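Visitor: Got a structure for you, questions after.
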Amino acid sequence: MQPTNRSSRILLPVRLWFIHFSLLVALGLAYVPTGRFPGVPDWVALVLAFWCIREPRRIGMGAGFVFGVLVDIGQGAAMGQHALAYVVLAYLANGLARRLMWFPALQQALHVLPMLLVSQILMVIVRLIAGAEFPGWWYFLSSFTSVMLWLPLTYLLLLPQYQPVERDDNRPI
Amino acid sequence: MSPAGHQAPPIFNRGPAPLVRLLILVSLCLAMLVADLRFRYLEVLRQGLSVATYPLQMAASTPADFVRNASIYFGTLVQVQLENADLRRKQLGAGDRLLRFEQLEQENAQLRGLLEMSQRVGVRSVAADILYDAPDPFALKVILDRGTQQGVETGLAVVDANGVLGQVTRVYPIQSEVTLLTDRNQAVPIQVLRNGLRGVLFGAGRGRLEVRFVLATADIQPGDKLVTSGLDGVFLPGLPVAEVESVDRESDAFAVIVCKPLAGVERSSQVLVLGRETLPPPPPEPEPGQPVAKSRPRR
């Protein structure tokens, strides 16, 4: 596996426990009470989208569902609200995974933004149907702040897979 | 089964197609949403899983606690002195009223005794701090630092120094979630203090309240104070709730009555959770001459 498919750098295989650990850390960050501060990134959605794109064979809609329910419980939201959003997000990310791996991280971020927005719009629709109040357009700021973190997040989450560069003139890669 | 008559080897097995899995999970989510929002079936599941994620939640709320404590610690001396002077002043005023209140309470008990009415039961209350706004941006809710361990139950009324603030809608072991008066799903039965007219007050979002289903001809005017009527058996009767801001009688058969809450609904930080009246008042005896009406069960 390479950082992107165009890169010539070979990464170590990812460890499954690290994927779950990073998702749990994101869940912990989602539990941090930030009140009504607008534009707090949706950490779980971001990390989930990342692994759905990197490892579509291992992380998918099942993980999205489980972590969505856990976010719902922690935030006191309607049960199934985040689960629905994350399942759809995971489906989109899994579906676009093969294509996205050909792009550098910045352009990946541009692809991830509409996915996050779709998941947020789904949540708004579900809650509005249930009779809640529209939270205001600031609500969607969260997707934009999340996407801005795509580049540092890619670096951080791939860090355990990097290996030291050994120059060997007899080896092609 | 392939045309050749044997199954694909397991290395190519990937389970159901993504679209099928998506449809299954989405319908599961929708079923959960309906079960939770419409029928409230999933509270048990929520409580169970919230116990499981409790350590993570505690760890996550540590930075918020730290920020809160730090802001208290660095509050300036002048601020504290001003607050202290203000509290002293209030204490004096309240002390005076409290003296009279005790006397009135005794008098009330005596009068009730004379009239052979049931005694009003004293209620136990729990003082609590508002920790933070609930993270769900779709509802106006706050989190209190008291939970089942301190005797908070769902349905209890929450008040601050000026009036009713909201109602406890969900309890956790050491925290509880309060739906504010102004939330769209919150309703309080009220009475106009001036003339005893009854109605129901609904939240209308962002600091506004509305009395609905009151006839356009009803005697209610801007400046009227609204208090709880206690008809629901949840809120104690006579707690101040809101003040009428404007009355529009033109639009419909019902007047559009906009009110503003008396309590600092989206500002307060210290609140009181009022316990329930433990003994509901017995139903009035039917008069001897009249036929016995079937008593309807009250909610």
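Chains: A, B, ... in order of the structure tokens. Residues: from 1 per chain. Ligands: from 1, in order shown.
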Give me the residues of chain B that have any atom at most 8 Å from an atom of chain A; for each, the nearest atom pair and the distance in Å, rounded to one decimal. Use only C-alpha atoms, sort by chain and number, and format it as CSV.

Guide:
residue,atom,partner,partner_atom,distance
B:Pro18,CA,A:Tyr91,CA,7.2
B:Arg21,CA,A:Met61,CA,7.6
B:Leu22,CA,A:Tyr91,CA,6.7
B:Leu25,CA,A:Val87,CA,7.1
B:Val26,CA,A:Leu84,CA,5.9
B:Cys29,CA,A:Gly80,CA,4.8
B:Leu30,CA,A:Gly80,CA,6.9
B:Met32,CA,A:Gly80,CA,5.5
B:Leu33,CA,A:Gly80,CA,5.2
B:Asp36,CA,A:Met79,CA,6.0
B:Leu37,CA,A:Ala78,CA,6.5
B:Leu42,CA,A:Met79,CA,7.6
B:Arg46,CA,A:Ile73,CA,6.1
B:Leu49,CA,A:Ile73,CA,7.3
B:Ser50,CA,A:Ile73,CA,6.2
B:Thr53,CA,A:Gly74,CA,7.8
B:Leu56,CA,A:Gly28,CA,5.9
B:Gln57,CA,A:Tyr31,CA,5.8
B:Ala59,CA,A:Gly28,CA,7.6
B:Ala60,CA,A:Val32,CA,4.7
B:Ser61,CA,A:Val32,CA,5.4
B:Pro63,CA,A:Val32,CA,7.6
B:Ala64,CA,A:Pro33,CA,6.5
B:Tyr132,CA,A:Gly35,CA,5.8
B:Asp133,CA,A:Gly35,CA,4.6
B:Ala134,CA,A:Gly35,CA,6.1
B:Pro135,CA,A:Gln75,CA,5.4
B:Asp136,CA,A:Ala77,CA,5.5
B:Pro137,CA,A:Pro135,CA,5.8
B:Phe138,CA,A:Pro135,CA,5.5
B:Ala139,CA,A:Ala132,CA,6.5
B:Arg184,CA,A:Ala132,CA,6.8
B:Asn185,CA,A:Ala132,CA,7.8
B:Gly205,CA,A:Glu133,CA,7.2

Visitor: Would you pick out the contacts of range 260-268 of chain B at 10 Å or less, using only C-alpha atoms, so that residues sharing its chain but fewer than 6 positions from it are not included, and give the list as an NGL selection string?

Guide: :B and (129-130 or 133 or 140-142 or 159-166 or 180-182 or 203 or 206-210 or 225-226 or 240-246)

Visitor: Kindly save the residues from that selection, with N, CA and C atoms included, as a tab-separated table (two decimals), in the first residue's frame.

Guide:
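Final output, saved to result11.tsv:
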chain	number	residue	atom	x	y	z
B	129	ASP	N	-25.92	22.39	39.42
B	129	ASP	CA	-25.25	23.33	38.51
B	129	ASP	C	-25.49	22.89	37.08
B	130	ILE	N	-25.67	23.87	36.20
B	130	ILE	CA	-25.72	23.53	34.78
B	130	ILE	C	-24.28	23.36	34.30
B	133	ASP	N	-24.36	23.14	27.72
B	133	ASP	CA	-25.47	22.87	26.81
B	133	ASP	C	-25.32	21.47	26.26
B	140	LEU	N	-33.15	22.37	22.58
B	140	LEU	CA	-32.62	23.27	23.60
B	140	LEU	C	-32.59	22.50	24.91
B	141	LYS	N	-31.46	21.94	25.21
B	141	LYS	CA	-31.32	21.14	26.42
B	141	LYS	C	-30.03	21.51	27.12
B	142	VAL	N	-29.99	21.30	28.44
B	142	VAL	CA	-28.76	21.50	29.19
B	142	VAL	C	-28.50	20.27	30.05
B	159	VAL	N	-36.19	24.76	38.38
B	159	VAL	CA	-36.45	26.20	38.50
B	159	VAL	C	-35.14	26.93	38.83
B	160	ASP	N	-35.11	28.20	38.51
B	160	ASP	CA	-34.03	29.03	39.04
B	160	ASP	C	-34.66	30.10	39.95
B	161	ALA	N	-33.90	31.12	40.30
B	161	ALA	CA	-34.39	32.06	41.30
B	161	ALA	C	-35.65	32.79	40.84
B	162	ASN	N	-35.86	32.91	39.52
B	162	ASN	CA	-36.97	33.72	39.04
B	162	ASN	C	-38.18	32.94	38.56
B	163	GLY	N	-38.01	31.67	38.29
B	163	GLY	CA	-39.15	30.91	37.79
B	163	GLY	C	-38.75	29.58	37.19
B	164	VAL	N	-39.72	28.98	36.51
B	164	VAL	CA	-39.49	27.65	35.94
B	164	VAL	C	-38.54	27.74	34.75
B	165	LEU	N	-37.62	26.79	34.70
B	165	LEU	CA	-36.60	26.78	33.66
B	165	LEU	C	-36.84	25.67	32.66
B	166	GLY	N	-37.34	24.54	33.15
B	166	GLY	CA	-37.56	23.41	32.25
B	166	GLY	C	-37.90	22.16	33.02
B	180	LEU	N	-35.25	22.68	28.10
B	180	LEU	CA	-35.61	24.03	28.50
B	180	LEU	C	-37.03	24.36	28.05
B	181	LEU	N	-37.63	25.32	28.73
B	181	LEU	CA	-39.00	25.74	28.41
B	181	LEU	C	-39.16	26.11	26.95
B	182	THR	N	-38.12	26.73	26.38
B	182	THR	CA	-38.25	27.27	25.04
B	182	THR	C	-38.09	26.22	23.95
B	203	GLY	N	-43.09	25.86	24.06
B	203	GLY	CA	-41.86	26.48	23.63
B	203	GLY	C	-41.95	26.81	22.16
B	206	ARG	N	-35.60	29.47	20.81
B	206	ARG	CA	-34.79	30.69	20.96
B	206	ARG	C	-35.45	31.78	21.79
B	207	GLY	N	-35.70	31.49	23.05
B	207	GLY	CA	-36.14	32.52	23.98
B	207	GLY	C	-37.58	32.95	23.84
B	208	ARG	N	-38.40	32.22	23.07
B	208	ARG	CA	-39.80	32.60	22.93
B	208	ARG	C	-40.72	31.49	23.41
B	209	LEU	N	-41.88	31.91	23.91
B	209	LEU	CA	-42.89	30.96	24.36
B	209	LEU	C	-44.23	31.39	23.78
B	210	GLU	N	-45.15	30.44	23.66
B	210	GLU	CA	-46.47	30.76	23.13
B	210	GLU	C	-47.54	30.06	23.94
B	225	LYS	N	-48.86	38.03	34.25
B	225	LYS	CA	-47.91	37.02	34.72
B	225	LYS	C	-48.56	35.64	34.62
B	226	LEU	N	-47.79	34.67	34.13
B	226	LEU	CA	-48.30	33.31	34.03
B	226	LEU	C	-47.60	32.45	35.07
B	240	PRO	N	-43.84	30.84	39.15
B	240	PRO	CA	-43.86	31.79	38.04
B	240	PRO	C	-43.17	31.22	36.81
B	241	VAL	N	-43.76	31.44	35.66
B	241	VAL	CA	-43.22	30.86	34.43
B	241	VAL	C	-42.84	31.94	33.42
B	242	ALA	N	-43.80	32.81	33.09
B	242	ALA	CA	-43.54	33.71	31.97
B	242	ALA	C	-44.40	34.95	32.10
B	243	GLU	N	-44.09	35.92	31.25
B	243	GLU	CA	-44.88	37.14	31.19
B	243	GLU	C	-45.34	37.31	29.76
B	244	VAL	N	-46.61	37.73	29.59
B	244	VAL	CA	-47.16	37.89	28.24
B	244	VAL	C	-46.53	39.12	27.60
B	245	GLU	N	-46.04	38.96	26.39
B	245	GLU	CA	-45.42	40.08	25.69
B	245	GLU	C	-46.39	40.74	24.73
B	246	SER	N	-47.06	39.91	23.92
B	246	SER	CA	-47.99	40.50	22.96
B	246	SER	C	-49.13	39.52	22.72

Visitor: Could you check how far CA of Ala128 in chain B sits from CA of Leu274 in chain B, in Å to one decimal?

Guide: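 We find that CA of Ala128 in chain B and CA of Leu274 in chain B lie 10.5 Å from each other.
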
Visitor: Mind pulling up the distance from CA of Pro189 in chain B to CA of Leu231 in chain B?

Guide: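 So the two atoms, CA of Leu231 in chain B and CA of Pro189 in chain B, lie 6.7 Å apart.
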
Visitor: If you run DSSP over the backbone, which residues in chain A end up alpha helix (DSSP H)? Put them as a count of residues only.

Guide: 105

Visitor: So the first atom is CA of Ala127 in chain B and the second is CA of Ile190 in chain B; what is the distance between them in Å, to one decimal place?

Guide: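 Computed distance, CA of Ala127 in chain B to CA of Ile190 in chain B, equals 23.9 Å.
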
Visitor: Based on the backbone DSSP call, show me all residues of range 6-180 of chain B assigned strand (DSSP E or B), as JSON, numbers by chain.

Guide: {"B": [125, 126, 127, 128, 129, 130, 131, 132, 133, 141, 142, 143, 144, 157, 158, 159, 164, 165, 166, 167, 168, 169, 170, 171, 176, 177, 178, 179, 180]}

Visitor: Could you dump the residues just selected with C-alpha atoms as a compact mmCIF listing (two decimals), in the first residue's frame?

Guide:
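What landed in again.txt:
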# COMPACT_ATOMS: atom_id res chain seq x y z
CA SER B 125 -35.43 19.65 46.12
CA VAL B 126 -31.95 19.14 44.78
CA ALA B 127 -29.67 22.08 43.99
CA ALA B 128 -27.68 21.57 40.80
CA ASP B 129 -25.25 23.33 38.51
CA ILE B 130 -25.72 23.53 34.78
CA LEU B 131 -22.60 21.91 33.36
CA TYR B 132 -23.01 22.74 29.68
CA ASP B 133 -25.47 22.87 26.81
CA LYS B 141 -31.32 21.14 26.42
CA VAL B 142 -28.76 21.50 29.19
CA ILE B 143 -26.87 18.98 31.28
CA LEU B 144 -27.00 19.17 35.10
CA ALA B 157 -39.46 20.47 37.27
CA VAL B 158 -36.31 22.60 37.24
CA VAL B 159 -36.45 26.20 38.50
CA VAL B 164 -39.49 27.65 35.94
CA LEU B 165 -36.60 26.78 33.66
CA GLY B 166 -37.56 23.41 32.25
CA GLN B 167 -38.07 19.76 32.94
CA VAL B 168 -35.78 16.79 33.46
CA THR B 169 -36.16 14.55 30.43
CA ARG B 170 -33.41 12.00 30.86
CA VAL B 171 -31.32 10.93 33.83
CA SER B 176 -29.27 14.62 33.99
CA GLU B 177 -30.60 16.29 30.90
CA VAL B 178 -33.07 19.16 31.18
CA THR B 179 -35.28 20.26 28.29
CA LEU B 180 -35.61 24.03 28.50

Visitor: Please provide as a short mmCIF file (atom, residue, chain, number, x, y, z; two decimals) with C-alpha atoms, in the first residue's frame all residues within 8 Å of Val188 in chain B, with the sequence filter that same-chain residues fewer than 5 positions apart are discarded (counting only C-alpha atoms).

Guide:
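Once written, part14.cif looks like this:
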data_model
loop_
_atom_site.label_atom_id
_atom_site.label_comp_id
_atom_site.auth_asym_id
_atom_site.auth_seq_id
_atom_site.Cartn_x
_atom_site.Cartn_y
_atom_site.Cartn_z
CA LEU B 181 -39.00 25.74 28.41
CA VAL B 200 -50.91 25.49 27.99
CA LEU B 201 -47.62 27.18 27.29
CA PHE B 202 -45.47 25.80 24.46
CA THR B 228 -47.94 26.93 36.67
#

Visitor: Ranking A:Ser22, A:Thr4, A:Gln107, A:Ser146 by minimum distance to Leu46 in chain A and counting only C-alpha atoms, which one comes first?

Guide: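 Smallest distance to Leu46 in chain A is found for A:Ser146.
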
Visitor: Find the spatial neighbours of Ile10 in chain A, counting only C-alpha atoms, within a cut-off of 9 Å - ignore same-chain residues fewer than 2 positions away - and output them as a list in words.

Guide: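 The neighbour list is Met1, Gln2, Pro3, Ser7, Ser8, Leu12, Gln161, Tyr162, Gln163 and Ile173 of chain A.
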
Visitor: Output N, CA and C atoms for every residue in the selection just made, as an mmCIF file, in the first residue's frame.

Guide:
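Generated output (part00.cif):
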data_model
loop_
_atom_site.group_PDB
_atom_site.id
_atom_site.type_symbol
_atom_site.label_atom_id
_atom_site.label_comp_id
_atom_site.auth_asym_id
_atom_site.auth_seq_id
_atom_site.Cartn_x
_atom_site.Cartn_y
_atom_site.Cartn_z
ATOM 1 N N MET A 1 0.841 -1.205 0.000
ATOM 2 C CA MET A 1 0.000 0.000 0.000
ATOM 3 C C MET A 1 0.872 1.250 0.000
ATOM 4 N N GLN A 2 0.478 2.250 -0.777
ATOM 5 C CA GLN A 2 1.228 3.506 -0.809
ATOM 6 C C GLN A 2 0.361 4.603 -0.176
ATOM 7 N N PRO A 3 0.985 5.747 0.144
ATOM 8 C CA PRO A 3 0.181 6.871 0.650
ATOM 9 C C PRO A 3 -0.926 7.248 -0.327
ATOM 10 N N SER A 7 2.069 7.443 -5.527
ATOM 11 C CA SER A 7 3.301 7.562 -4.755
ATOM 12 C C SER A 7 4.139 6.298 -4.933
ATOM 13 N N SER A 8 5.453 6.460 -4.827
ATOM 14 C CA SER A 8 6.310 5.293 -4.969
ATOM 15 C C SER A 8 6.758 4.775 -3.614
ATOM 16 N N LEU A 12 3.869 0.089 5.433
ATOM 17 C CA LEU A 12 3.610 -1.165 6.133
ATOM 18 C C LEU A 12 2.105 -1.421 6.119
ATOM 19 N N GLN A 161 2.435 3.526 9.744
ATOM 20 C CA GLN A 161 2.715 2.648 8.612
ATOM 21 C C GLN A 161 3.961 3.056 7.839
ATOM 22 N N TYR A 162 4.445 4.265 8.111
ATOM 23 C CA TYR A 162 5.652 4.689 7.406
ATOM 24 C C TYR A 162 6.838 3.876 7.897
ATOM 25 N N GLN A 163 7.749 3.579 7.005
ATOM 26 C CA GLN A 163 8.992 2.949 7.441
ATOM 27 C C GLN A 163 10.139 3.832 6.980
ATOM 28 N N ILE A 173 12.427 0.037 -6.344
ATOM 29 C CA ILE A 173 11.574 0.948 -5.563
ATOM 30 C C ILE A 173 12.004 0.955 -4.110
#

Visitor: With a distance cut-off of 12 Å and only C-alpha atoms, select the neighbouring residues of Leu159 in chain A, excluding the residue or stretch itself and same-chain residues fewer than 6 positions from it, and output the selection as a CSV table (one decimal) with N, CA and C atoms, in the first residue's frame.

Guide:
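Result saved to result39.csv:
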chain,number,residue,atom,x,y,z
A,3,PRO,N,1.0,5.7,0.1
A,3,PRO,CA,0.2,6.9,0.6
A,3,PRO,C,-0.9,7.2,-0.3
A,11,LEU,N,4.1,1.5,2.1
A,11,LEU,CA,3.8,1.6,3.5
A,11,LEU,C,3.7,0.2,4.1
A,12,LEU,N,3.9,0.1,5.4
A,12,LEU,CA,3.6,-1.2,6.1
A,12,LEU,C,2.1,-1.4,6.1
A,13,PRO,N,1.7,-2.7,6.2
A,13,PRO,CA,0.2,-2.9,6.3
A,13,PRO,C,-0.3,-2.3,7.6
A,14,VAL,N,-1.6,-1.9,7.5
A,14,VAL,CA,-2.2,-1.3,8.7
A,14,VAL,C,-2.6,-2.4,9.7
A,15,ARG,N,-2.6,-2.0,11.0
A,15,ARG,CA,-3.0,-3.0,12.0
A,15,ARG,C,-4.5,-2.7,12.3
A,18,PHE,N,-5.2,-0.6,15.4
A,18,PHE,CA,-5.0,0.8,15.3
A,18,PHE,C,-6.2,1.5,14.7
A,152,PRO,N,-3.7,17.1,7.8
A,152,PRO,CA,-3.0,16.7,9.0
A,152,PRO,C,-3.4,15.3,9.5
A,153,LEU,N,-4.7,15.0,9.3
A,153,LEU,CA,-5.2,13.7,9.8
A,153,LEU,C,-4.6,12.5,8.9
